[in-house]
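**Student:** Dropping in my_file.cif, with mmCIF, C-alpha atoms.
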data_query
#
loop_
_atom_site.group_PDB
_atom_site.id
_atom_site.type_symbol
_atom_site.label_atom_id
_atom_site.label_comp_id
_atom_site.auth_asym_id
_atom_site.auth_seq_id
_atom_site.Cartn_x
_atom_site.Cartn_y
_atom_site.Cartn_z
ATOM 1 C CA MET C 9 -17.940 73.898 -27.353
ATOM 2 C CA ASN C 10 -16.088 70.729 -26.370
ATOM 3 C CA THR C 11 -17.952 67.430 -26.092
ATOM 4 C CA PRO C 12 -20.522 67.971 -23.327
ATOM 5 C CA LEU C 13 -19.876 66.306 -19.999
ATOM 6 C CA LEU C 14 -23.403 67.227 -18.950
ATOM 7 C CA GLU C 15 -26.278 67.248 -21.449
ATOM 8 C CA VAL C 16 -29.752 68.498 -20.615
ATOM 9 C CA VAL C 17 -32.283 67.956 -23.400
ATOM 10 C CA GLY C 18 -35.907 69.132 -23.304
ATOM 11 C CA LEU C 19 -35.981 68.885 -19.514
ATOM 12 C CA THR C 20 -39.406 69.467 -17.953
ATOM 13 C CA LEU C 21 -39.966 69.217 -14.196
ATOM 14 C CA THR C 22 -43.306 69.324 -12.434
ATOM 15 C CA ALA C 23 -44.424 69.885 -8.843
ATOM 16 C CA GLY C 24 -47.946 70.050 -7.488
ATOM 17 C CA GLY C 25 -49.387 69.447 -10.920
ATOM 18 C CA ARG C 26 -47.629 72.368 -12.607
ATOM 19 C CA ALA C 27 -44.433 72.730 -14.595
ATOM 20 C CA VAL C 28 -41.630 74.367 -12.622
ATOM 21 C CA VAL C 29 -39.067 73.972 -15.419
ATOM 22 C CA GLU C 30 -40.109 73.694 -19.053
ATOM 23 C CA ALA C 31 -38.036 72.285 -21.909
ATOM 24 C CA ALA C 32 -34.650 73.426 -20.567
ATOM 25 C CA GLU C 33 -31.700 72.599 -22.807
ATOM 26 C CA PHE C 34 -27.965 73.088 -22.421
ATOM 27 C CA GLY C 35 -24.662 71.281 -22.578
ATOM 28 C CA LEU C 36 -21.701 71.758 -20.277
ATOM 29 C CA ALA C 37 -18.144 70.678 -20.992
ATOM 30 C CA ALA C 38 -15.567 69.657 -18.400
ATOM 31 C CA GLY C 39 -14.111 72.778 -16.848
ATOM 32 C CA GLU C 40 -17.035 75.039 -17.754
ATOM 33 C CA HIS C 41 -19.068 77.057 -15.257
ATOM 34 C CA LEU C 42 -22.749 77.729 -15.939
ATOM 35 C CA ALA C 43 -24.505 80.241 -13.675
ATOM 36 C CA VAL C 44 -28.294 79.979 -13.411
ATOM 37 C CA ILE C 45 -30.043 83.254 -12.610
ATOM 38 C CA GLY C 46 -33.605 84.430 -12.208
ATOM 39 C CA PRO C 47 -36.143 85.633 -9.649
ATOM 40 C CA ASN C 48 -37.437 83.626 -6.706
ATOM 41 C CA GLY C 49 -39.623 80.759 -7.873
ATOM 42 C CA ALA C 50 -38.056 80.671 -11.331
ATOM 43 C CA GLY C 51 -37.186 76.953 -11.089
ATOM 44 C CA LYS C 52 -33.454 77.352 -10.414
ATOM 45 C CA SER C 53 -33.254 75.062 -7.366
ATOM 46 C CA SER C 54 -35.572 72.516 -9.001
ATOM 47 C CA LEU C 55 -33.212 72.361 -11.963
ATOM 48 C CA VAL C 56 -30.137 71.851 -9.770
ATOM 49 C CA HIS C 57 -31.788 69.063 -7.756
ATOM 50 C CA ALA C 58 -32.756 67.296 -10.973
ATOM 51 C CA LEU C 59 -29.096 67.355 -12.054
ATOM 52 C CA ILE C 60 -28.100 65.273 -9.045
ATOM 53 C CA GLY C 61 -30.946 62.812 -9.548
ATOM 54 C CA ASP C 62 -33.175 63.936 -6.663
ATOM 55 C CA THR C 63 -36.060 64.674 -9.039
ATOM 56 C CA THR C 64 -37.482 62.501 -11.801
ATOM 57 C CA PRO C 65 -38.109 64.546 -14.962
ATOM 58 C CA ALA C 66 -41.604 64.670 -16.400
ATOM 59 C CA ALA C 67 -39.993 64.858 -19.842
ATOM 60 C CA GLY C 68 -36.579 65.185 -21.402
ATOM 61 C CA ALA C 69 -33.199 63.706 -20.566
ATOM 62 C CA ILE C 70 -30.124 64.335 -18.431
ATOM 63 C CA ARG C 71 -26.871 62.676 -19.453
ATOM 64 C CA LEU C 72 -23.550 62.652 -17.615
ATOM 65 C CA GLY C 73 -20.526 61.539 -19.588
ATOM 66 C CA GLY C 74 -22.822 60.373 -22.396
ATOM 67 C CA ARG C 75 -24.762 58.121 -20.023
ATOM 68 C CA ALA C 76 -28.262 58.705 -18.683
ATOM 69 C CA LEU C 77 -27.968 60.124 -15.176
ATOM 70 C CA ALA C 78 -30.462 57.555 -13.850
ATOM 71 C CA ASP C 79 -28.269 54.722 -15.196
ATOM 72 C CA TRP C 80 -25.301 55.628 -13.005
ATOM 73 C CA PRO C 81 -25.040 53.389 -9.900
ATOM 74 C CA ALA C 82 -25.636 55.512 -6.794
ATOM 75 C CA ARG C 83 -22.110 55.167 -5.429
ATOM 76 C CA GLU C 84 -20.421 55.947 -8.748
ATOM 77 C CA ARG C 85 -22.621 58.986 -9.199
ATOM 78 C CA ALA C 86 -21.896 60.176 -5.655
ATOM 79 C CA CYS C 87 -18.166 59.982 -6.368
ATOM 80 C CA ARG C 88 -18.565 62.329 -9.312
ATOM 81 C CA VAL C 89 -21.522 64.628 -8.609
ATOM 82 C CA ALA C 90 -21.801 66.787 -5.494
ATOM 83 C CA LEU C 91 -24.489 69.272 -4.460
ATOM 84 C CA LEU C 92 -24.283 72.173 -2.044
ATOM 85 C CA PRO C 93 -27.950 72.922 -1.247
ATOM 86 C CA GLN C 94 -29.341 76.226 -0.021
ATOM 87 C CA ALA C 95 -29.634 74.867 3.516
ATOM 88 C CA SER C 96 -27.779 71.983 5.162
ATOM 89 C CA ALA C 97 -29.487 70.816 8.342
ATOM 90 C CA LEU C 98 -27.035 69.269 10.789
ATOM 91 C CA SER C 99 -27.778 69.336 14.515
ATOM 92 C CA PHE C 100 -25.176 66.864 15.787
ATOM 93 C CA PRO C 101 -22.041 68.392 17.352
ATOM 94 C CA PHE C 102 -19.596 66.926 14.842
ATOM 95 C CA THR C 103 -16.328 68.771 14.544
ATOM 96 C CA VAL C 104 -15.696 70.768 11.406
ATOM 97 C CA ALA C 105 -13.171 68.176 10.184
ATOM 98 C CA GLU C 106 -15.700 65.382 10.724
ATOM 99 C CA VAL C 107 -18.335 67.214 8.682
ATOM 100 C CA VAL C 108 -15.906 67.767 5.824
ATOM 101 C CA ARG C 109 -14.838 64.114 5.991
ATOM 102 C CA LEU C 110 -18.446 63.094 5.292
ATOM 103 C CA GLY C 111 -17.802 64.110 1.698
ATOM 104 C CA ARG C 112 -15.385 61.217 1.368
ATOM 105 C CA SER C 113 -18.024 58.627 2.341
ATOM 106 C CA PRO C 114 -18.695 57.335 -1.212
ATOM 107 C CA HIS C 115 -14.996 56.769 -1.850
ATOM 108 C CA ALA C 116 -12.671 53.916 -1.031
ATOM 109 C CA SER C 117 -9.517 56.012 -1.178
ATOM 110 C CA GLY C 118 -8.234 55.102 2.293
ATOM 111 C CA SER C 119 -7.856 57.068 5.520
ATOM 112 C CA ILE C 120 -4.457 58.574 4.662
ATOM 113 C CA ALA C 121 -5.643 60.014 1.353
ATOM 114 C CA ASP C 122 -8.904 61.158 2.912
ATOM 115 C CA ARG C 123 -7.112 63.016 5.713
ATOM 116 C CA GLN C 124 -4.976 64.812 3.145
ATOM 117 C CA ILE C 125 -8.000 65.781 1.060
ATOM 118 C CA VAL C 126 -9.850 67.037 4.138
ATOM 119 C CA ALA C 127 -6.825 69.137 5.115
ATOM 120 C CA GLU C 128 -6.592 70.595 1.609
ATOM 121 C CA THR C 129 -10.270 71.510 1.383
ATOM 122 C CA LEU C 130 -10.269 73.016 4.901
ATOM 123 C CA ALA C 131 -7.390 75.250 3.844
ATOM 124 C CA ALA C 132 -9.032 76.111 0.518
ATOM 125 C CA CYS C 133 -12.168 77.359 2.318
ATOM 126 C CA ASP C 134 -10.204 79.235 5.008
ATOM 127 C CA ILE C 135 -11.522 77.081 7.857
ATOM 128 C CA ALA C 136 -8.443 75.056 8.840
ATOM 129 C CA HIS C 137 -8.353 76.988 12.128
ATOM 130 C CA LEU C 138 -11.881 75.715 12.873
ATOM 131 C CA ARG C 139 -11.190 72.026 12.234
ATOM 132 C CA ASP C 140 -11.744 70.905 15.863
ATOM 133 C CA ARG C 141 -14.625 73.253 16.665
ATOM 134 C CA PRO C 142 -18.169 71.810 16.955
ATOM 135 C CA TYR C 143 -20.141 72.573 13.813
ATOM 136 C CA THR C 144 -23.186 73.623 15.842
ATOM 137 C CA ARG C 145 -21.220 76.511 17.394
ATOM 138 C CA LEU C 146 -20.313 78.155 14.105
ATOM 139 C CA SER C 147 -21.798 81.264 12.552
ATOM 140 C CA GLY C 148 -23.981 80.951 9.470
ATOM 141 C CA GLY C 149 -21.164 82.015 7.162
ATOM 142 C CA GLU C 150 -18.727 79.586 8.768
ATOM 143 C CA LYS C 151 -21.226 76.740 8.409
ATOM 144 C CA GLN C 152 -21.632 77.584 4.721
ATOM 145 C CA ARG C 153 -17.880 77.367 4.150
ATOM 146 C CA VAL C 154 -17.751 74.037 5.987
ATOM 147 C CA GLN C 155 -20.508 72.653 3.768
ATOM 148 C CA LEU C 156 -18.672 73.909 0.696
ATOM 149 C CA ALA C 157 -15.506 72.165 1.890
ATOM 150 C CA ARG C 158 -17.557 68.990 2.362
ATOM 151 C CA VAL C 159 -18.823 68.931 -1.233
ATOM 152 C CA MET C 160 -15.405 69.945 -2.548
ATOM 153 C CA SER C 161 -13.858 66.995 -0.709
ATOM 154 C CA GLN C 162 -16.448 64.731 -2.346
ATOM 155 C CA ILE C 163 -15.073 65.436 -5.826
ATOM 156 C CA TRP C 164 -11.607 66.774 -4.957
ATOM 157 C CA ARG C 165 -9.715 63.901 -6.546
ATOM 158 C CA VAL C 166 -11.384 60.938 -8.230
ATOM 159 C CA GLU C 167 -9.138 58.283 -9.738
ATOM 160 C CA ASP C 168 -9.633 57.736 -13.490
ATOM 161 C CA ALA C 169 -12.641 60.073 -13.555
ATOM 162 C CA ASP C 170 -12.865 63.161 -15.726
ATOM 163 C CA ASP C 171 -16.633 63.486 -15.433
ATOM 164 C CA ARG C 172 -16.965 65.453 -12.197
ATOM 165 C CA LEU C 173 -19.866 67.846 -11.667
ATOM 166 C CA LEU C 174 -20.261 70.381 -8.849
ATOM 167 C CA LEU C 175 -23.726 71.832 -8.204
ATOM 168 C CA LEU C 176 -24.006 74.940 -6.024
ATOM 169 C CA ASP C 177 -27.317 76.423 -4.895
ATOM 170 C CA GLU C 178 -26.650 79.955 -3.616
ATOM 171 C CA PRO C 179 -23.118 79.153 -2.353
ATOM 172 C CA VAL C 180 -22.274 82.704 -1.201
ATOM 173 C CA ALA C 181 -25.625 83.757 0.266
ATOM 174 C CA ALA C 182 -24.409 83.886 3.901
ATOM 175 C CA LEU C 183 -20.874 85.099 3.225
ATOM 176 C CA ASP C 184 -19.177 88.464 3.595
ATOM 177 C CA LEU C 185 -17.549 90.083 0.564
ATOM 178 C CA GLY C 186 -14.095 88.685 1.270
ATOM 179 C CA HIS C 187 -15.299 85.116 1.630
ATOM 180 C CA GLN C 188 -17.574 85.440 -1.389
ATOM 181 C CA ARG C 189 -14.470 86.166 -3.429
ATOM 182 C CA LEU C 190 -12.546 83.303 -1.792
ATOM 183 C CA VAL C 191 -15.344 80.827 -2.518
ATOM 184 C CA MET C 192 -15.747 81.889 -6.133
ATOM 185 C CA ARG C 193 -11.997 81.686 -6.686
ATOM 186 C CA GLN C 194 -11.955 78.150 -5.284
ATOM 187 C CA VAL C 195 -14.836 77.212 -7.570
ATOM 188 C CA ALA C 196 -12.845 78.654 -10.477
ATOM 189 C CA ALA C 197 -9.824 76.590 -9.385
ATOM 190 C CA LEU C 198 -11.931 73.420 -9.452
ATOM 191 C CA ALA C 199 -13.176 74.315 -12.930
ATOM 192 C CA ALA C 200 -9.554 74.772 -14.016
ATOM 193 C CA GLN C 201 -8.991 71.156 -12.880
ATOM 194 C CA GLY C 202 -11.758 69.992 -15.232
ATOM 195 C CA VAL C 203 -14.753 70.033 -12.883
ATOM 196 C CA ALA C 204 -17.969 71.181 -14.570
ATOM 197 C CA VAL C 205 -19.873 73.639 -12.369
ATOM 198 C CA VAL C 206 -23.525 74.673 -12.264
ATOM 199 C CA SER C 207 -24.237 77.428 -9.750
ATOM 200 C CA VAL C 208 -27.385 79.292 -8.737
ATOM 201 C CA LEU C 209 -26.458 82.871 -7.894
ATOM 202 C CA HIS C 210 -28.557 85.895 -6.988
ATOM 203 C CA ASP C 211 -25.679 88.339 -7.389
ATOM 204 C CA ILE C 212 -25.819 88.830 -11.149
ATOM 205 C CA SER C 213 -22.557 90.789 -11.317
ATOM 206 C CA LEU C 214 -20.736 88.040 -9.385
ATOM 207 C CA ALA C 215 -22.225 85.387 -11.650
ATOM 208 C CA ALA C 216 -21.167 87.315 -14.740
ATOM 209 C CA ARG C 217 -17.638 87.682 -13.436
ATOM 210 C CA TYR C 218 -16.972 84.018 -12.717
ATOM 211 C CA ALA C 219 -19.217 82.026 -15.065
ATOM 212 C CA ASP C 220 -18.381 81.084 -18.639
ATOM 213 C CA ARG C 221 -22.048 80.990 -19.581
ATOM 214 C CA MET C 222 -25.359 81.904 -18.015
ATOM 215 C CA LEU C 223 -28.907 80.553 -18.107
ATOM 216 C CA ALA C 224 -31.725 82.947 -17.201
ATOM 217 C CA LEU C 225 -35.026 81.444 -16.010
ATOM 218 C CA ARG C 226 -38.375 82.976 -15.175
ATOM 219 C CA ASP C 227 -41.480 80.931 -14.300
ATOM 220 C CA GLY C 228 -39.633 77.831 -15.474
ATOM 221 C CA GLN C 229 -39.034 79.262 -18.923
ATOM 222 C CA THR C 230 -35.609 79.926 -20.435
ATOM 223 C CA ILE C 231 -35.443 83.680 -21.045
ATOM 224 C CA ALA C 232 -31.841 83.765 -22.261
ATOM 225 C CA ALA C 233 -28.759 81.574 -22.496
ATOM 226 C CA GLY C 234 -25.231 82.380 -23.575
ATOM 227 C CA THR C 235 -22.190 84.329 -22.483
ATOM 228 C CA PRO C 236 -22.544 86.792 -19.597
ATOM 229 C CA ALA C 237 -22.283 89.710 -22.020
ATOM 230 C CA ALA C 238 -25.109 88.287 -24.116
ATOM 231 C CA VAL C 239 -27.402 87.455 -21.194
ATOM 232 C CA VAL C 240 -26.856 90.385 -18.835
ATOM 233 C CA THR C 241 -28.477 93.382 -20.497
ATOM 234 C CA ALA C 242 -30.731 96.052 -19.014
ATOM 235 C CA GLU C 243 -33.638 94.787 -21.114
ATOM 236 C CA ARG C 244 -33.253 91.210 -19.895
ATOM 237 C CA MET C 245 -32.859 92.290 -16.270
ATOM 238 C CA GLN C 246 -36.128 94.216 -16.614
ATOM 239 C CA ARG C 247 -37.837 91.142 -18.038
ATOM 240 C CA LEU C 248 -36.442 88.838 -15.363
ATOM 241 C CA PHE C 249 -36.863 90.959 -12.255
ATOM 242 C CA ASP C 250 -39.465 93.611 -13.140
ATOM 243 C CA THR C 251 -37.105 96.373 -12.115
ATOM 244 C CA GLN C 252 -35.061 98.955 -13.954
ATOM 245 C CA THR C 253 -31.291 98.600 -13.878
ATOM 246 C CA ARG C 254 -28.200 99.904 -15.597
ATOM 247 C CA VAL C 255 -25.642 97.472 -16.968
ATOM 248 C CA ILE C 256 -22.082 98.683 -17.330
ATOM 249 C CA THR C 257 -18.805 96.936 -18.139
ATOM 250 C CA HIS C 258 -16.321 96.457 -15.319
ATOM 251 C CA PRO C 259 -13.118 98.338 -16.223
ATOM 252 C CA ASP C 260 -10.815 95.533 -15.080
ATOM 253 C CA THR C 261 -12.661 92.253 -15.728
ATOM 254 C CA HIS C 262 -14.657 93.528 -18.742
ATOM 255 C CA THR C 263 -17.693 91.631 -17.467
ATOM 256 C CA PRO C 264 -21.204 93.049 -17.020
ATOM 257 C CA VAL C 265 -22.045 94.808 -13.757
ATOM 258 C CA VAL C 266 -25.669 95.432 -12.795
ATOM 259 C CA LEU C 267 -26.521 98.710 -11.091
ATOM 260 C CA HIS C 268 -29.918 99.295 -9.535
ATOM 261 C CA GLY C 269 -31.835 102.122 -11.136
#
What is this structure when it is put down as structure tokens?

**Tutor:**
Amino acid sequence: MNTPLLEVVGLTLTAGGRAVVEAAEFGLAAGEHLAVIGPNGAGKSSLVHALIGDTTPAAGAIRLGGRALADWPARERACRVALLPQASALSFPFTVAEVVRLGRSPHASGSIADRQIVAETLAACDIAHLRDRPYTRLSGGEKQRVQLARVMSQIWRVEDADDRLLLLDEPVAALDLGHQRLVMRQVAALAAQGVAVVSVLHDISLAARYADRMLALRDGQTIAAGTPAAVVTAERMQRLFDTQTRVITHPDTHTPVVLHG
């Protein structure tokens, strides 16, 4: 693997007096996509929030660009690391374009550049036609695409920065099949530009198709880590989810596909 942009070493996170993630370790190079999978309560969201600095580790280290994550000034970190959470509460009737423009807040790139970036990310998420509509009047799937455009605009172009990290917590949960594909293709396009991506996905087949590597968690423990083909096996799916499945190889993408038994 190339020199890691993101390094997670012996990371342990606690909540309510118990460990929710224990001794997690991985490295992620620029342009790589790591998908985190596992059952509900496995520690996936806790891990993602720690990677943006929302949670202080009980043990271990997180480094971005060779520098401790906690040592990055807040504004510099916000210019390089963006998180799409599971839920984004916003009750003010901002227009769609105004919500997406919020992603540019940490930057000092100027209004002309910001307008261009907002236009590009609106188009990338197939919501340009919604730009003047109040956010509060959108469907759940439309709101999710707006929030994705917002975090994409946050790291769309950063001058002299090759240490960009995009964190996605269930980015396609509210989307139809067509928009799931659109979103994952846009994430892949960002990775092709050198953005490192960590995503939490419940659709194992979708994760296997688009991720370079996968991390499987259960009860905070790392069950498996590696390529999709190495992680996604019937035996591991049984161990993770307590259910029988079949795993086949997709005839076109040659990635694992999970079938319910």

**Student:** Could the residues of stretch 83-148 of chain C that have an atom at most 12 Å from stretch 192-211 of chain C be listed as a Markdown table, each with its closest atom pair and the distance in Å to one decimal, counting only C-alpha atoms and ordered by chain and ascending residue number?

**Tutor:**
| residue | atom | partner | partner_atom | distance |
| --- | --- | --- | --- | --- |
| C:Arg88 | CA | C:Val203 | CA | 9.3 |
| C:Val89 | CA | C:Ala204 | CA | 9.5 |
| C:Ala90 | CA | C:Val205 | CA | 9.9 |
| C:Leu91 | CA | C:Val206 | CA | 9.5 |
| C:Leu92 | CA | C:Ser207 | CA | 9.3 |
| C:Pro93 | CA | C:Val208 | CA | 9.8 |
| C:Gln94 | CA | C:Val208 | CA | 9.4 |
| C:Glu128 | CA | C:Gln194 | CA | 11.5 |
| C:Thr129 | CA | C:Gln194 | CA | 9.6 |
| C:Leu130 | CA | C:Gln194 | CA | 11.5 |
| C:Ala131 | CA | C:Gln194 | CA | 10.6 |
| C:Ala132 | CA | C:Gln194 | CA | 6.8 |
| C:Cys133 | CA | C:Gln194 | CA | 7.6 |
| C:Asp134 | CA | C:Gln194 | CA | 10.5 |

**Student:** Enumerate, as a PyMOL selection string, the protein, DNA and RNA residues whose atoms approach (-21.8, 70.9, -20.1) to within 6 Å, taking into account only C-alpha atoms and the coordinate frame of the file.

**Tutor:** chain C and resi 12-15+35-37

**Student:** Go through C:Leu176, C:Leu214, C:Ile125, C:Leu185 one by one, measure the shortest atom-to-atom distance of each to C:His57 using all atoms listed in the file, and give the residue with the smallest value.

**Tutor:** C:Leu176

**Student:** For C:Ala216, which residue among C:Gly186, C:Gly39, C:Gly234, C:Gly49 is the nearest when counting only C-alpha atoms?

**Tutor:**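 Under the stated criterion, the closest residue is C:Gly234.
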
**Student:** Out of C:Val29, C:Leu173, C:Val104, C:Ile45, which residue has the shortest atom-to-atom distance to C:Arg71 when counting all atoms listed in the file?

**Tutor:** C:Leu173

**Student:** Using only C-alpha atoms, which of the listed residues (C:Phe34, C:Tyr143, C:Phe249, C:Tyr218) sits closest to C:Ala69?

**Tutor:**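 When distances to C:Ala69 are compared using only C-alpha atoms, the smallest one comes from C:Phe34.
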
**Student:** Smallest atom-to-atom distance to C:Ala238: which of C:Arg145, C:Arg85, C:Arg221, C:Arg254, using only C-alpha atoms?

**Tutor:**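 The answer is C:Arg221, which sits nearest to C:Ala238.
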
**Student:** Which is closest to C:Ala50 among C:Val159, C:Leu267, C:Ala27, C:Val126, if we use all atoms listed in the file?

**Tutor:**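 Counting all atoms listed in the file, the residue closest to C:Ala50 is C:Ala27.
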
**Student:** Please write as a VMD selection string the full residue list that the PyMOL selection byres ((chain C and resi 152) around 8) yields on this file.

**Tutor:** chain C and resid 148 to 151 153 to 156 179 to 180 182 to 183

**Student:** Atom CA of C:Asn48 and atom CA of C:Ala232, how far apart in Å?

**Tutor:**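 Computed distance, atom CA of C:Ala232 to atom CA of C:Asn48, equals 16.5 Å.
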
**Student:** One decimal, Å: what's the distance from atom CA of C:Arg123 over to atom CA of C:Arg139, could you say?

**Tutor:**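 Distance reported for this atom pair: 11.8 Å.
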
**Student:** Apply the PyMOL selection byres ((chain C and resi 236) around 10) to the structure shown and report the selected residues as a list in words.

**Tutor:**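 Selected by the PyMOL selection byres ((chain C and resi 236) around 10) here: Leu42, Ala43, Ile212, Ser213, Ala215, Ala216, Arg217, Tyr218, Ala219, Asp220, Arg221, Met222, Leu223, Ala233, Gly234, Thr235, Ala237, Ala238, Val239, Val240, Thr241, Thr263, Pro264 and Val265 of chain C.
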
**Student:** Using all atoms listed in the file, which residues sit within 9 Å of stretch 52-55 of chain C once same-chain residues fewer than 4 positions away are excluded, as an mmCIF file with C-alpha atoms, keeping the file's coordinate frame?

**Tutor:**
data_model
loop_
_atom_site.group_PDB
_atom_site.id
_atom_site.type_symbol
_atom_site.label_atom_id
_atom_site.label_comp_id
_atom_site.auth_asym_id
_atom_site.auth_seq_id
_atom_site.Cartn_x
_atom_site.Cartn_y
_atom_site.Cartn_z
ATOM 1 C CA LEU C 19 -35.981 68.885 -19.514
ATOM 2 C CA LEU C 21 -39.966 69.217 -14.196
ATOM 3 C CA VAL C 28 -41.630 74.367 -12.622
ATOM 4 C CA VAL C 29 -39.067 73.972 -15.419
ATOM 5 C CA ALA C 32 -34.650 73.426 -20.567
ATOM 6 C CA VAL C 44 -28.294 79.979 -13.411
ATOM 7 C CA ILE C 45 -30.043 83.254 -12.610
ATOM 8 C CA GLY C 46 -33.605 84.430 -12.208
ATOM 9 C CA PRO C 47 -36.143 85.633 -9.649
ATOM 10 C CA ASN C 48 -37.437 83.626 -6.706
ATOM 11 C CA LEU C 59 -29.096 67.355 -12.054
ATOM 12 C CA THR C 63 -36.060 64.674 -9.039
ATOM 13 C CA PRO C 93 -27.950 72.922 -1.247
ATOM 14 C CA GLN C 94 -29.341 76.226 -0.021
ATOM 15 C CA ASP C 177 -27.317 76.423 -4.895
ATOM 16 C CA VAL C 208 -27.385 79.292 -8.737
ATOM 17 C CA ALA C 224 -31.725 82.947 -17.201
ATOM 18 C CA LEU C 225 -35.026 81.444 -16.010
ATOM 19 C CA ARG C 226 -38.375 82.976 -15.175
ATOM 20 C CA GLY C 228 -39.633 77.831 -15.474
#

**Student:** Starting from the shown file, work through the PyMOL selection byres ((chain C and resi 101) around 7) and note down what comes out as a ChimeraX atom specification.

**Tutor:** /C:99-100,102-103,142-144

**Student:** Atom CA of C:Met160 and atom CA of C:Thr261, how far apart in Å?

**Tutor:**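 Calculated distance between atom CA of C:Thr261 and atom CA of C:Met160 is 26.1 Å.
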
**Student:** Neighbours of stretch 109-122 of chain C within 6 Å (all atoms listed in the file; same-chain residues fewer than 3 positions away dropped), as a list of chain:residue names?

**Tutor:**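 Everything that qualifies: C:Arg83, C:Cys87, C:Glu106, C:Ile125, C:Arg158, C:Val159, C:Ser161, C:Gln162.
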